[in-house]
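Asker: A single structure is presented below for examination.
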Amino acid sequence: MQDDYVIRVLGPIDVLGTSGVVAVGGRHARALLGALVVGVGHAVPVDHLREVVWGQDPPESVDNTLQSNVSHLRHVLGPDAIVRVDGSYELTTEPSNIDAVRFETLLAAAAASSDDSERRDFGRQALDLWRGRPFGDLADDEAFKLDAYRLEELRLTAMEICLEADLALGNHELIVGELEAAVEENPYRELLWFLLIEALEAGFRRVEALRACARLRGVLAEVGIQASDELTALEQRILEGHTASRSTTPGNDALR
């Protein structure tokens, strides 16, 4: 296989080729590929790879076993995809052949655009790359935990950009269900709550919008945080029957 594949880590670690998913191998092979992906563009020391793959319990012939796993990955990705550099191995594939890199590139494009349609489209393309927790069953391993958390936070940012853009485009009815699910899964992301409240208000669902305001107040009170002035102002506008201003949504500037 020569550069006609995607290494996927936004979910279980695998490789997608032109003919479908290519088996990477067992946990050890997946851990090795994951470690090389995390260090893409850099030489990853053999000692680090041993620790990632086997932890404190390496096999007696650990170097031979590591070389065997590297050979297997070269068979999957191509003979030049992984090179030996002194006491290290380096994944030399183009970064664009990695789904996480593609995701971050699309997210950056969405965040940089001033056009709501572009922001939504780039953001949706980025989210479409996701299949589950980053690194799959290895997400909680020490070697991948921080990267998995970082990527999951970026996924939430991409979701917020998409939903904010859809709301600005007048698609409030289409995103209410998605926003309801999002605040249940991420109750402390205030921007998601504000977007939900504004989407409900835009659809003339004022009672539900006010209930969402009350739910947000309750969530914040549980952790000892007082509701913001922006929330109070939004509640008042809904009560008075005015259309909520987009400028009241916290975090808008940070996403642009």
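Ligands are numbered from 1 in the order shown, chains are lettered A, B, ... in the order of the structure tokens, and residues start at 1 in each chain.
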Mind checking DSSP for stretch 79-220 of chain A and telling me the alpha helix (DSSP H) residues as a ChimeraX atom specification?
Answerer: /A:99-112,116-127,142-168,172-185,190-202,206-220
Asker: Can you pull out the residues contacting stretch 30-43 of chain A? Cut-off 8 Å, using only C-alpha atoms, and skip same-chain residues under 3 positions away; I want them as a VMD selection string.
Answerer: chain A and resid 9 13 to 14 24 to 27 49 52 to 53 69 to 70 73 85 88 to 92 95 98 135 138 143 to 144 147
Asker: Counting only C-alpha atoms, figure out which residue out of A:Asp116, A:Glu160, A:Asp137, A:Glu104 gets nearest to A:Val183.
Answerer: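 Closest to A:Val183, using only C-alpha atoms: A:Glu160.
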Asker: Considering only C-alpha atoms, return as a ChimeraX atom specification whatever protein or nucleic-acid residues lie within 10 Å of A:Glu208, sequence-local ones (same chain, fewer than 6 positions apart) excluded.
Answerer: /A:196-197,200-201,214
Asker: Let me see the file: selected residues, N, CA, C and O atoms, as a CSV table (one decimal), in the first residue's frame.
Answerer:
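Produced file again31.csv, reproduced below:
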chain,number,residue,atom,x,y,z
A,196,LEU,N,-28.7,26.1,22.7
A,196,LEU,CA,-30.0,25.4,22.8
A,196,LEU,C,-31.1,26.4,23.2
A,196,LEU,O,-32.2,26.4,22.6
A,197,ILE,N,-30.8,27.3,24.1
A,197,ILE,CA,-31.9,28.3,24.6
A,197,ILE,C,-32.2,29.2,23.4
A,197,ILE,O,-33.4,29.4,23.1
A,200,LEU,N,-34.4,27.3,20.8
A,200,LEU,CA,-35.7,27.1,21.2
A,200,LEU,C,-36.5,28.4,21.1
A,200,LEU,O,-37.6,28.5,20.7
A,201,GLU,N,-35.8,29.5,21.5
A,201,GLU,CA,-36.5,30.8,21.5
A,201,GLU,C,-36.8,31.2,20.0
A,201,GLU,O,-37.9,31.7,19.7
A,214,ALA,N,-33.5,27.6,33.3
A,214,ALA,CA,-33.6,27.1,34.7
A,214,ALA,C,-32.7,25.9,34.9
A,214,ALA,O,-32.0,25.8,36.0
Asker: Report, in Å to a single decimal, how far apart atom CA of A:Leu10 and atom CA of A:Leu107 are.
Answerer: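 Result for atom CA of A:Leu107 versus atom CA of A:Leu10: 14.0 Å, one decimal.
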Asker: Counting only C-alpha atoms, figure out which residue out of A:Val62, A:Ala199, A:Ile225, A:Leu210 gets nearest to A:Leu169.
Answerer: A:Ala199
